[in-house]
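Pasted below: query_21.cif, mmCIF, C-alpha atoms.
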data_data
loop_
_atom_site.label_atom_id
_atom_site.label_comp_id
_atom_site.auth_asym_id
_atom_site.auth_seq_id
_atom_site.Cartn_x
_atom_site.Cartn_y
_atom_site.Cartn_z
CA MET Y 58 110.50 69.37 -98.19
CA SER Y 59 109.20 69.42 -101.78
CA ASP Y 60 110.92 67.43 -104.49
CA THR Y 61 112.10 70.65 -106.13
CA ALA Y 62 113.59 71.99 -102.93
CA GLN Y 63 115.18 68.61 -102.33
CA PHE Y 64 116.60 68.72 -105.84
CA HIS Y 65 118.02 72.21 -105.35
CA ARG Y 66 119.54 71.23 -102.05
CA GLU Y 67 121.21 68.24 -103.61
CA ASP Y 68 122.60 70.45 -106.38
CA ASP Y 69 123.82 72.96 -103.86
CA LEU Y 70 125.63 70.25 -101.91
CA LEU Y 71 127.19 68.88 -105.07
CA ALA Y 72 128.37 72.38 -105.95
CA ALA Y 73 129.92 72.79 -102.50
CA GLU Y 74 131.62 69.40 -102.70
CA TYR Y 75 132.87 70.26 -106.17
CA VAL Y 76 134.36 73.55 -104.98
CA LEU Y 77 136.00 71.82 -102.01
CA GLY Y 78 137.43 69.20 -104.37
CA LEU Y 79 135.68 66.33 -102.65
CA LEU Y 80 134.06 64.80 -105.71
CA GLU Y 81 135.85 62.06 -107.55
CA GLY Y 82 135.53 60.15 -110.79
CA ASP Y 83 132.26 60.54 -112.67
CA LEU Y 84 130.74 62.79 -110.02
CA HIS Y 85 133.63 65.21 -110.43
CA ALA Y 86 133.59 65.09 -114.22
CA ASP Y 87 129.83 65.59 -114.23
CA ALA Y 88 130.00 68.56 -111.85
CA ARG Y 89 132.79 70.08 -113.90
CA ARG Y 90 130.74 69.81 -117.07
CA ARG Y 91 127.65 71.28 -115.41
CA ALA Y 92 129.70 74.17 -114.02
CA GLN Y 93 130.47 75.06 -117.64
CA GLU Y 94 127.07 74.41 -119.16
CA ASP Y 95 124.35 74.68 -116.52
CA ARG Y 96 123.74 78.26 -115.49
CA ASP Y 97 121.97 77.45 -112.27
CA PHE Y 98 124.64 75.00 -111.19
CA ALA Y 99 127.40 77.45 -112.19
CA ALA Y 100 125.75 80.07 -109.97
CA ARG Y 101 125.83 77.65 -107.06
CA VAL Y 102 129.48 76.88 -107.70
CA ALA Y 103 130.33 80.60 -107.85
CA GLY Y 104 128.42 81.16 -104.62
CA TRP Y 105 130.43 78.50 -102.80
CA GLN Y 106 133.70 79.74 -104.31
CA GLU Y 107 132.89 83.15 -102.92
CA ARG Y 108 132.02 81.75 -99.50
CA PHE Y 109 134.97 79.41 -99.18
CA ALA Y 110 137.44 82.02 -100.43
CA ALA Y 111 136.78 83.68 -97.06
CA LEU Y 112 138.76 80.80 -95.55
CA THR Y 113 141.87 82.54 -96.88
CA ASP Y 114 141.08 85.80 -95.07
CA ASP Y 115 143.35 84.84 -92.19
CA ILE Y 116 146.26 83.89 -94.44
CA ALA Y 117 148.92 86.57 -94.20
CA PRO Y 118 150.42 87.86 -97.44
CA VAL Y 119 154.00 86.74 -98.12
CA ALA Y 120 156.03 88.82 -100.55
CA PRO Y 121 157.53 86.62 -103.26
CA SER Y 122 161.14 87.18 -104.29
CA ARG Y 123 161.92 89.56 -107.12
CA ARG Y 124 163.52 86.67 -108.96
CA GLN Y 125 160.09 85.07 -109.16
CA LYS Y 126 158.58 88.00 -110.97
CA ARG Y 127 161.46 88.02 -113.43
CA ALA Y 128 161.02 84.28 -114.02
CA LEU Y 129 157.29 84.72 -114.59
CA LEU Y 130 157.74 87.55 -117.06
CA ALA Y 131 160.45 85.62 -118.88
CA THR Y 132 158.08 82.64 -119.19
CA LEU Y 133 155.16 84.67 -120.45
CA PHE Y 134 157.03 87.08 -122.67
CA PRO Y 135 160.00 85.24 -124.12
CA GLU Y 136 160.52 87.73 -126.91
CA GLU Y 137 163.59 89.22 -125.29
CA GLN Y 138 163.95 92.12 -127.63
CA ARG Y 139 161.73 94.49 -125.74
CA SER Y 140 162.96 93.47 -122.34
CA VAL Y 141 166.55 94.01 -123.38
CA LEU Y 142 165.61 97.56 -124.20
CA ARG Y 143 163.74 97.85 -120.92
CA ARG Y 144 166.68 96.57 -118.94
CA LEU Y 145 168.99 98.90 -120.80
CA ARG Y 146 166.82 101.82 -119.85
CA LEU Y 147 167.20 100.82 -116.23
CA TRP Y 148 170.91 100.65 -116.61
CA ARG Y 149 171.39 103.81 -118.54
CA GLY Y 150 172.49 105.46 -115.35
CA VAL Y 151 175.99 104.11 -115.71
CA SER Y 152 177.67 103.91 -112.33
CA ALA Y 153 180.05 106.65 -111.30
CA ALA Y 154 182.83 104.10 -111.03
CA ALA Y 155 182.41 103.06 -114.63
CA MET Y 156 182.43 106.64 -115.77
CA LEU Y 157 185.60 107.25 -113.81
CA LEU Y 158 187.23 104.19 -115.32
CA ALA Y 159 186.29 105.36 -118.79
CA GLY Y 160 187.68 108.79 -118.02
CA VAL Y 161 190.99 107.51 -116.75
CA LEU Y 162 191.41 105.14 -119.66
CA GLY Y 163 190.40 107.85 -122.07
CA ILE Y 164 193.07 110.15 -120.74
CA ILE Y 165 195.67 107.40 -120.92
CA LEU Y 166 194.74 106.65 -124.50
CA TRP Y 167 194.66 110.31 -125.35
CA GLN Y 168 198.13 110.78 -123.87
CA ASP Y 169 199.24 107.67 -125.66
CA ALA Y 170 197.93 109.01 -128.93
CA SER Y 171 199.33 112.47 -128.41
CA ARG Y 172 202.82 111.11 -127.81
CA GLY Y 173 203.29 110.18 -131.41
CA PRO Y 174 200.43 110.88 -133.79
CA VAL Y 175 199.74 108.00 -136.09
CA PRO Y 176 199.12 109.21 -139.62
CA GLY Y 177 195.40 109.67 -140.21
CA VAL Y 178 194.46 109.56 -136.54
CA THR Y 179 193.43 112.74 -134.82
CA PRO Y 180 194.35 112.63 -131.17
CA ASP Y 181 191.31 114.62 -130.06
CA ALA Y 182 188.83 112.04 -131.30
CA VAL Y 183 189.17 109.21 -128.80
CA GLN Y 184 185.87 107.47 -128.15
CA VAL Y 185 185.64 105.05 -125.25
CA ALA Y 186 182.91 103.00 -123.63
CA THR Y 187 182.82 100.84 -120.56
CA LEU Y 188 180.25 98.09 -120.56
CA THR Y 189 179.08 97.05 -117.11
CA GLY Y 190 176.01 95.51 -115.53
CA GLU Y 191 174.34 95.64 -112.14
CA ASP Y 192 173.88 91.92 -111.74
CA SER Y 193 177.18 90.65 -113.11
CA ASP Y 194 180.85 91.31 -112.61
CA LEU Y 195 181.50 91.45 -116.33
CA ARG Y 196 183.31 94.59 -117.42
CA LEU Y 197 184.45 95.44 -120.90
CA LEU Y 198 186.31 98.35 -122.33
CA ALA Y 199 185.64 99.41 -125.89
CA VAL Y 200 187.67 101.89 -127.91
CA ALA Y 201 186.63 103.19 -131.32
CA ASP Y 202 189.04 104.12 -134.06
CA ALA Y 203 189.21 107.71 -135.22
CA ALA Y 204 186.62 107.24 -137.93
CA GLY Y 205 184.24 105.71 -135.41
CA ASP Y 206 183.48 102.63 -137.46
CA SER Y 207 185.79 100.03 -135.94
CA LEU Y 208 185.81 99.01 -132.29
CA SER Y 209 188.34 97.18 -130.17
CA ILE Y 210 186.74 95.50 -127.20
CA ARG Y 211 188.60 93.99 -124.31
CA GLN Y 212 187.24 92.03 -121.35
CA VAL Y 213 188.48 93.74 -118.22
CA ALA Y 214 186.78 91.58 -115.62
CA GLY Y 215 184.40 88.63 -115.43
CA GLY Y 216 183.32 86.42 -118.28
CA PRO Y 217 180.41 84.35 -119.58
CA PRO Y 218 178.67 81.79 -117.32
CA PRO Y 219 179.95 78.22 -117.82
CA GLY Y 220 178.92 76.78 -121.16
CA ARG Y 221 177.84 80.16 -122.55
CA VAL Y 222 179.42 82.67 -124.87
CA LEU Y 223 179.28 86.46 -124.93
CA GLU Y 224 177.53 88.18 -127.80
CA LEU Y 225 177.73 91.90 -128.52
CA TRP Y 226 174.67 93.86 -129.61
CA ALA Y 227 174.35 97.35 -131.00
CA ILE Y 228 171.07 99.11 -130.34
CA LEU Y 229 170.01 102.34 -131.98
CA PRO Y 230 167.17 104.23 -130.26
CA ASP Y 231 163.82 102.47 -130.76
CA GLN Y 232 165.32 99.75 -132.90
CA ALA Y 233 165.89 96.07 -132.36
CA PRO Y 234 169.36 94.97 -131.24
CA ILE Y 235 171.73 94.07 -134.06
CA SER Y 236 174.30 91.39 -133.43
CA MET Y 237 177.91 92.51 -133.67
CA GLY Y 238 179.12 88.96 -133.27
CA LEU Y 239 180.61 86.87 -130.49
CA LEU Y 240 183.31 88.22 -128.22
CA ALA Y 241 186.64 86.44 -127.91
CA GLU Y 242 188.04 85.76 -124.47
CA ASP Y 243 190.52 88.61 -124.54
CA GLN Y 244 190.16 91.14 -127.30
CA THR Y 245 187.81 91.43 -130.25
CA THR Y 246 187.76 93.87 -133.14
CA VAL Y 247 184.34 94.72 -134.49
CA GLN Y 248 183.56 96.54 -137.70
CA LEU Y 249 180.39 98.63 -137.51
CA PRO Y 250 178.02 98.26 -140.47
CA PRO Y 251 177.95 101.34 -142.72
CA ALA Y 252 174.45 102.21 -141.49
CA MET Y 253 175.83 102.67 -138.01
CA ALA Y 254 179.13 104.32 -138.77
CA GLY Y 255 179.14 107.90 -137.59
CA GLN Y 256 176.29 107.27 -135.16
CA LEU Y 257 178.46 105.90 -132.40
CA PRO Y 258 177.31 108.27 -129.63
CA SER Y 259 173.67 107.27 -130.06
CA ILE Y 260 174.30 103.53 -130.05
CA THR Y 261 173.87 101.52 -126.88
CA PHE Y 262 176.08 98.46 -126.74
CA ALA Y 263 175.01 95.45 -124.76
CA VAL Y 264 176.55 92.06 -124.09
CA SER Y 265 174.35 89.05 -123.47
CA ASP Y 266 175.23 85.47 -122.63
CA GLU Y 267 174.14 83.05 -125.34
CA PRO Y 268 174.47 79.38 -126.22
CA PRO Y 269 177.68 78.39 -128.01
CA GLY Y 270 177.51 79.70 -131.54
CA GLY Y 271 175.47 82.72 -130.50
CA ALA Y 272 171.78 83.59 -130.31
CA PRO Y 273 170.06 81.27 -132.79
CA GLU Y 274 167.37 83.67 -134.02
CA GLY Y 275 169.51 86.77 -134.33
CA GLN Y 276 167.96 88.34 -131.25
CA PRO Y 277 169.31 88.10 -127.70
CA THR Y 278 167.97 85.17 -125.71
CA GLY Y 279 170.13 85.24 -122.58
CA SER Y 280 170.64 87.79 -119.84
CA VAL Y 281 172.14 91.16 -120.60
CA LEU Y 282 175.33 91.09 -118.55
CA ALA Y 283 176.76 94.47 -119.43
CA SER Y 284 175.89 97.57 -121.39
CA GLY Y 285 177.15 101.04 -122.03
CA SER Y 286 177.58 103.87 -124.55
CA PHE Y 287 180.53 105.65 -126.02
CA ILE Y 288 181.78 108.96 -124.75
CA THR Y 289 184.22 111.19 -126.58
CA PHE Y 290 187.42 112.65 -125.20
CA MET G 255 142.41 95.65 -101.35
CA ASP G 256 140.60 97.99 -103.70
CA ARG G 257 138.06 95.91 -105.56
CA GLU G 258 137.52 98.35 -108.41
CA GLU G 259 141.23 98.78 -108.99
CA ILE G 260 141.80 95.01 -109.16
CA GLU G 261 138.79 94.63 -111.43
CA ARG G 262 140.09 97.35 -113.75
CA LEU G 263 143.51 95.70 -113.90
CA ILE G 264 142.04 92.29 -114.71
CA GLY G 265 140.01 93.96 -117.45
CA ARG G 266 143.16 95.41 -118.98
CA VAL G 267 145.03 92.12 -118.61
CA ALA G 268 142.20 90.57 -120.63
CA LEU G 269 143.31 92.94 -123.41
CA LYS G 270 146.86 91.63 -123.02
CA ASP G 271 148.15 94.80 -121.38
CA ARG G 272 151.51 93.84 -119.93
CA ALA G 273 151.87 96.88 -117.73
CA ALA G 274 148.48 96.10 -116.17
CA PHE G 275 149.60 92.52 -115.64
CA GLU G 276 152.68 93.68 -113.79
CA GLY G 277 150.55 96.09 -111.79
CA LEU G 278 148.16 93.29 -110.89
CA TYR G 279 151.08 91.08 -109.93
CA ASP G 280 152.53 93.78 -107.70
CA ARG G 281 149.22 94.24 -105.91
CA VAL G 282 148.06 90.66 -105.37
CA SER G 283 151.08 88.36 -105.62
CA ALA G 284 151.84 88.53 -101.88
CA LYS G 285 148.30 87.43 -100.99
CA LEU G 286 148.30 84.66 -103.60
CA PHE G 287 151.76 83.51 -102.56
CA GLY G 288 150.52 83.34 -98.96
CA VAL G 289 147.66 81.11 -100.12
CA CYS G 290 149.99 78.85 -102.17
CA LEU G 291 152.36 78.56 -99.19
CA ARG G 292 149.51 77.75 -96.82
CA VAL G 293 148.29 74.91 -99.07
CA LEU G 294 151.64 73.49 -100.14
CA ASN G 295 153.71 74.33 -97.07
CA ASN G 296 156.85 74.33 -99.21
CA ARG G 297 158.43 77.39 -100.70
CA ALA G 298 159.67 75.89 -103.97
CA ALA G 299 156.34 74.18 -104.66
CA ALA G 300 154.45 77.35 -103.73
CA GLU G 301 156.61 79.37 -106.13
CA ASP G 302 155.81 76.95 -108.94
CA ALA G 303 152.10 77.02 -108.11
CA MET G 304 152.04 80.79 -108.06
CA GLN G 305 153.88 80.95 -111.36
CA ASP G 306 151.31 78.59 -112.90
CA SER G 307 148.52 80.65 -111.36
CA PHE G 308 149.71 83.86 -112.94
CA VAL G 309 150.14 82.18 -116.31
CA LYS G 310 146.48 81.11 -116.03
CA ILE G 311 145.48 84.61 -114.97
CA TRP G 312 147.23 86.04 -118.03
CA ASN G 313 145.67 83.48 -120.36
CA ASN G 314 142.16 83.54 -118.93
CA ALA G 315 141.57 87.09 -117.75
CA ASP G 316 139.02 87.51 -120.52
CA ARG G 317 136.89 84.89 -118.78
CA TYR G 318 136.79 86.83 -115.54
CA SER G 319 134.08 89.34 -116.33
CA ALA G 320 131.68 86.59 -117.36
CA ASN G 321 132.00 84.89 -114.09
CA GLY G 322 130.53 87.15 -111.49
CA LEU G 323 133.00 86.42 -108.74
CA SER G 324 134.61 89.22 -106.81
CA PRO G 325 138.04 89.84 -108.32
CA MET G 326 139.97 88.63 -105.28
CA THR G 327 137.85 85.47 -105.09
CA TRP G 328 138.58 84.76 -108.72
CA LEU G 329 142.33 85.22 -108.19
CA ILE G 330 142.42 83.35 -104.88
CA THR G 331 140.39 80.48 -106.35
CA ILE G 332 142.90 80.10 -109.17
CA ALA G 333 145.83 80.11 -106.72
CA ARG G 334 144.11 77.71 -104.32
CA ASN G 335 142.94 75.29 -107.02
CA THR G 336 146.33 75.29 -108.73
CA SER G 337 148.01 74.60 -105.39
CA ILE G 338 145.58 71.80 -104.50
CA ASP G 339 146.10 70.15 -107.90
CA ARG G 340 149.85 70.30 -107.33
CA LEU G 341 149.55 69.01 -103.78
CA ARG G 342 147.51 66.03 -104.93
CA ALA G 343 149.91 65.32 -107.76
CA GLN G 344 152.71 65.30 -105.18
CA ARG G 345 150.80 62.95 -102.89
CA SER G 346 149.97 60.48 -105.60
CA GLY G 347 153.56 60.73 -106.82
CA HIS G 348 152.51 61.71 -110.31
CA ARG G 349 150.19 63.99 -112.14
CA ASP G 350 147.34 62.02 -113.58
CA VAL G 351 146.71 63.79 -116.84
CA ASN G 352 143.38 62.04 -117.26
CA ALA G 353 141.97 63.26 -114.00
CA PRO G 354 140.10 66.47 -114.65
CA GLY G 355 141.57 69.18 -112.49
CA PHE G 356 139.52 72.11 -111.35
CA GLU G 357 142.17 74.70 -111.76
CA LEU G 358 140.00 77.51 -113.09
CA PRO G 359 136.92 78.95 -111.48
CA ALA G 360 133.82 77.95 -113.36
CA PRO G 361 132.03 80.59 -115.38
CA GLY G 362 129.39 81.96 -113.12
CA PRO G 363 126.13 83.74 -112.92
CA GLY G 364 126.90 87.42 -113.23
CA PRO G 365 127.25 90.08 -110.59
CA GLU G 366 123.91 89.82 -108.79
CA GLU G 367 124.36 86.38 -107.33
CA SER G 368 127.92 87.11 -106.37
CA ALA G 369 126.90 90.18 -104.39
CA ILE G 370 124.67 87.93 -102.30
CA ALA G 371 127.43 85.38 -101.93
CA ALA G 372 129.93 88.07 -100.93
CA SER G 373 127.71 89.27 -98.11
CA GLU G 374 127.30 85.67 -96.99
CA ALA G 375 131.02 85.05 -97.25
CA ALA G 376 131.66 87.62 -94.59
CA LYS G 377 129.74 85.38 -92.21
CA LEU G 378 131.68 82.25 -93.02
CA ALA G 379 134.11 82.35 -90.15
CA GLY G 380 131.39 82.82 -87.56
CA CYS G 381 129.26 80.10 -89.11
CA LEU G 382 132.15 77.66 -89.29
CA ASP G 383 132.78 78.27 -85.63
CA SER G 384 129.15 77.53 -84.87
CA LEU G 385 129.47 74.08 -86.49
CA GLU G 386 130.63 71.16 -84.46
CA ALA G 387 134.38 71.63 -84.26
CA ASP G 388 135.13 68.49 -86.28
CA ARG G 389 132.90 69.53 -89.17
CA GLY G 390 134.49 72.94 -89.36
CA ALA G 391 137.90 71.29 -89.35
CA ALA G 392 136.83 68.92 -92.12
CA VAL G 393 135.68 71.80 -94.35
CA ARG G 394 138.94 73.63 -93.77
CA GLY G 395 140.88 70.43 -94.35
CA ALA G 396 139.22 69.95 -97.72
CA TYR G 397 139.57 73.56 -98.85
CA LEU G 398 143.04 74.36 -97.57
CA ASP G 399 144.73 70.95 -97.36
CA GLY G 400 143.12 69.22 -100.31
CA ARG G 401 141.79 66.37 -98.17
CA SER G 402 139.53 63.86 -99.89
CA TYR G 403 136.61 62.10 -98.26
CA ALA G 404 138.88 59.09 -97.80
CA ASP G 405 141.55 61.24 -96.10
CA LEU G 406 138.95 62.80 -93.83
CA ALA G 407 137.34 59.44 -92.97
CA GLU G 408 140.74 58.20 -91.90
CA GLN G 409 141.50 61.36 -89.99
CA PHE G 410 138.25 61.19 -88.02
CA GLY G 411 138.21 57.39 -87.77
CA ILE G 412 134.80 56.86 -89.37
CA PRO G 413 133.64 54.94 -92.46
CA LEU G 414 133.78 56.75 -95.82
CA ASN G 415 130.00 56.89 -96.36
CA THR G 416 129.42 58.17 -92.87
CA MET G 417 132.05 60.83 -93.50
CA ARG G 418 130.26 62.09 -96.57
CA THR G 419 126.84 62.21 -94.86
CA TRP G 420 128.36 63.90 -91.88
CA LEU G 421 130.21 66.58 -93.85
CA ARG G 422 127.18 67.24 -96.05
CA ARG G 423 125.14 67.89 -92.93
CA GLY G 424 127.81 70.37 -91.96
CA LEU G 425 127.52 72.08 -95.35
CA ILE G 426 123.74 72.35 -95.04
CA ALA G 427 124.12 73.89 -91.60
CA LEU G 428 126.75 76.23 -92.96
CA ARG G 429 124.53 77.34 -95.81
CA GLU G 430 121.62 77.97 -93.47
CA CYS G 431 123.77 79.89 -91.04
CA MET G 432 125.20 82.09 -93.76
CA SER G 433 121.82 82.79 -95.38
CA LEU G 434 120.39 84.13 -92.15
#
Before we go any further, please render this structure as structure tokens.
Amino acid sequence: MSDTAQFHREDDLLAAEYVLGLLEGDLHADARRRAQEDRDFAARVAGWQERFAALTDDIAPVAPSRRQKRALLATLFPEEQRSVLRRLRLWRGVSAAAMLLAGVLGIILWQDASRGPVPGVTPDAVQVATLTGEDSDLRLLAVADAAGDSLSIRQVAGGPPPGRVLELWAILPDQAPISMGLLAEDQTTVQLPPAMAGQLPSITFAVSDEPPGGAPEGQPTGSVLASGSFITF
Amino acid sequence: MDREEIERLIGRVALKDRAAFEGLYDRVSAKLFGVCLRVLNNRAAAEDAMQDSFVKIWNNADRYSANGLSPMTWLITIARNTSIDRLRAQRSGHRDVNAPGFELPAPGPGPEESAIAASEAAKLAGCLDSLEADRGAAVRGAYLDGRSYADLAEQFGIPLNTMRTWLRRGLIALRECMSL
């Protein structure tokens, strides 16, 4: 064998050992550097990577859990704003049960209101929303006043995870969520900002769990536990 | 697995296309998770390794096209190397930050060489089988179980230097067999 052939063979073996992970210390560091800088050596490394990858041909695929994909996406794309909107889109199909609940409550409120009209309140303008989520048992009922700029929100079932608080968000189509403040344990009254007053039907409301004190950057950081929109009776 | 489709997705991931990344994940995660599980033999560790692998894929997809590997080899190599690094960190009880890992495939030669290698790769199994059984097992042990020369020497009950000579002879035979 010529010196050159001998040299190439030695390089080829080093490349194979490098790909297998058998080199240590200086030999490893040297091979790693050459794989970056030396075109011929890099080609040998790639060749062995291609060959040895065939050792995985027999390995059967195993589907990872859906939780894993969510965790990965949350790690890579921590800006929650978009994903809140995405998740809301998934949830826009409010469950039939929630609609029914809203309907029943709406009728009760409407009857309530029609029994003795309060001055300035028109009984035919009751706006109600139920906020629910697929992955949590949190349920909230929200009722708007006649003018549609003040909301009363009551927790019907569930609550925040331990050590977390609930924060309410209002989301107009194609806009970032706007915090409506933290929710009290039982009932909370929320005043809509003037820019939103009168737009109630087009607002999606969402509740996320946040650290005590609320989302630090003014955008949701936790999971969206419940969402929903107002309907008018 | 459709090579062109995977290649196209990696190309779009290189442009930071999230939808393409999710599409790539949906297509290849089961294979990569299988590889991580095979190396680490522990679900939680394999989940971590696969997570790290996909973070690397997202961050380094722009380096793929330069590297001439088939797309699945590139992805599998990332998953395998990440898993081996983790396995070794587990064994040594810590992650030695000074030890250079080999988590990413090296930049390679361009498509021509890899086409040759791919045709050779198809022969690997047959060629491994034609090696003496122990040598084939040693190659598999290094690639899939992260065994070092010292581990292998102990496993086969021979001195370290002999082990290296012996495995290198196996690699030469392997190379010759696959080039035929």
Practice prompt. Compile the contact shell of Arg127 (chain Y) as a PyMOL selection string: residues with an atom at most 12 Å away, counting all atoms listed in the file, same-chain residues fewer than 3 positions apart removed.
Written response: (chain Y and resi 121-124+130-135+140+144+280) or (chain G and resi 276+279+305)
Fill in: Residue with smallest distance to chain Y - pool G:Arg266, G:Arg257, G:Arg422, G:Lys310, counting all atoms listed in the file
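Between G:Arg266, G:Arg257, G:Arg422, G:Lys310, the residue approaching chain Y most closely is G:Arg422.
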Worksheet entry | Residue among Y:Leu225, Y:Leu71, Y:Leu79, Y:Ala120 lying closest to Cys290 (chain G), counting all atoms listed in the file | Y:Ala120
Practice prompt. Could you please tell me, as a ChimeraX atom specification, which residues of chain Y have an atom within 10 Å of chain G when using all atoms listed in the file?
Written response: /Y:66-67,69-71,73-82,85-86,89-122,125-126,128-130,132-134
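The spacing separating CA of Leu195 (chain Y) from CA of Gln244 (chain Y) amounts to 14.0 Å.
For the atom pair formed by CA of Thr246 (chain Y) and CA of Ser207 (chain Y), the distance is 7.0 Å, given to one decimal.
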Worksheet item: How would you write, as a list in words, the residues chosen by the PyMOL selection byres ((chain G and resi 315) around 9) on this structure?
Response: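 Going through the file, the PyMOL selection byres ((chain G and resi 315) around 9) ends up selecting Ile264, Gly265, Arg266, Val267, Ala268, Leu269, Lys270, Lys310, Ile311, Trp312, Asn313, Asn314, Asp316, Arg317, Tyr318 and Ser319 of chain G.
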Worksheet item: Just so the selection is clear, what residues does the PyMOL selection byres ((chain G and resi 417) around 10) cover here, as a ChimeraX atom specification?
Response: /G:389,392,403-408,410-416,418-423
Worksheet item: Given the file above and the PyMOL selection byres ((chain Y and resi 267) around 12), which residues are selected, and can you give them as JSON, numbers by chain?
Response: {"Y": [217, 218, 219, 220, 221, 222, 223, 224, 225, 226, 236, 238, 239, 240, 264, 265, 266, 268, 269, 270, 271, 272, 273, 274, 275, 276, 277, 278, 279, 280, 281, 282]}
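Atom to atom, CA of Arg342 (chain G) and CA of Asp83 (chain Y) stand 18.0 Å apart.
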Atom completion result for region 400-413 of chain G (N, CA and C atoms) as a PDB file, in the coordinates of the input:
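What follows is the written file rebuild.pdb:
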ATOM      1  N   GLY G 400     143.405  70.131 -99.217  1.00  0.00           N
ATOM      2  CA  GLY G 400     143.120  69.220-100.310  1.00  0.00           C
ATOM      3  C   GLY G 400     142.738  67.813 -99.861  1.00  0.00           C
ATOM      4  N   ARG G 401     142.148  67.711 -98.655  1.00  0.00           N
ATOM      5  CA  ARG G 401     141.790  66.370 -98.170  1.00  0.00           C
ATOM      6  C   ARG G 401     140.591  65.824 -98.939  1.00  0.00           C
ATOM      7  N   SER G 402     140.654  64.539 -99.239  1.00  0.00           N
ATOM      8  CA  SER G 402     139.530  63.860 -99.890  1.00  0.00           C
ATOM      9  C   SER G 402     138.624  63.285 -98.808  1.00  0.00           C
ATOM     10  N   TYR G 403     137.469  62.774 -99.233  1.00  0.00           N
ATOM     11  CA  TYR G 403     136.610  62.100 -98.260  1.00  0.00           C
ATOM     12  C   TYR G 403     137.349  60.941 -97.592  1.00  0.00           C
ATOM     13  N   ALA G 404     138.148  60.223 -98.381  1.00  0.00           N
ATOM     14  CA  ALA G 404     138.880  59.090 -97.800  1.00  0.00           C
ATOM     15  C   ALA G 404     139.882  59.567 -96.746  1.00  0.00           C
ATOM     16  N   ASP G 405     140.594  60.670 -97.070  1.00  0.00           N
ATOM     17  CA  ASP G 405     141.550  61.240 -96.100  1.00  0.00           C
ATOM     18  C   ASP G 405     140.822  61.620 -94.811  1.00  0.00           C
ATOM     19  N   LEU G 406     139.672  62.305 -95.002  1.00  0.00           N
ATOM     20  CA  LEU G 406     138.950  62.800 -93.830  1.00  0.00           C
ATOM     21  C   LEU G 406     138.394  61.647 -92.999  1.00  0.00           C
ATOM     22  N   ALA G 407     137.879  60.609 -93.685  1.00  0.00           N
ATOM     23  CA  ALA G 407     137.340  59.440 -92.970  1.00  0.00           C
ATOM     24  C   ALA G 407     138.435  58.821 -92.099  1.00  0.00           C
ATOM     25  N   GLU G 408     139.632  58.770 -92.657  1.00  0.00           N
ATOM     26  CA  GLU G 408     140.740  58.200 -91.900  1.00  0.00           C
ATOM     27  C   GLU G 408     141.099  59.101 -90.715  1.00  0.00           C
ATOM     28  N   GLN G 409     141.135  60.397 -91.027  1.00  0.00           N
ATOM     29  CA  GLN G 409     141.500  61.360 -89.990  1.00  0.00           C
ATOM     30  C   GLN G 409     140.535  61.293 -88.796  1.00  0.00           C
ATOM     31  N   PHE G 410     139.233  61.170 -89.107  1.00  0.00           N
ATOM     32  CA  PHE G 410     138.250  61.190 -88.020  1.00  0.00           C
ATOM     33  C   PHE G 410     137.850  59.790 -87.577  1.00  0.00           C
ATOM     34  N   GLY G 411     138.447  58.765 -88.200  1.00  0.00           N
ATOM     35  CA  GLY G 411     138.210  57.390 -87.770  1.00  0.00           C
ATOM     36  C   GLY G 411     136.778  56.923 -87.966  1.00  0.00           C
ATOM     37  N   ILE G 412     136.158  57.335 -89.093  1.00  0.00           N
ATOM     38  CA  ILE G 412     134.800  56.860 -89.370  1.00  0.00           C
ATOM     39  C   ILE G 412     134.741  56.341 -90.799  1.00  0.00           C
ATOM     40  N   PRO G 413     133.736  55.494 -91.102  1.00  0.00           N
ATOM     41  CA  PRO G 413     133.640  54.940 -92.460  1.00  0.00           C
ATOM     42  C   PRO G 413     133.413  56.049 -93.500  1.00  0.00           C
TER      43      PRO G 413
END
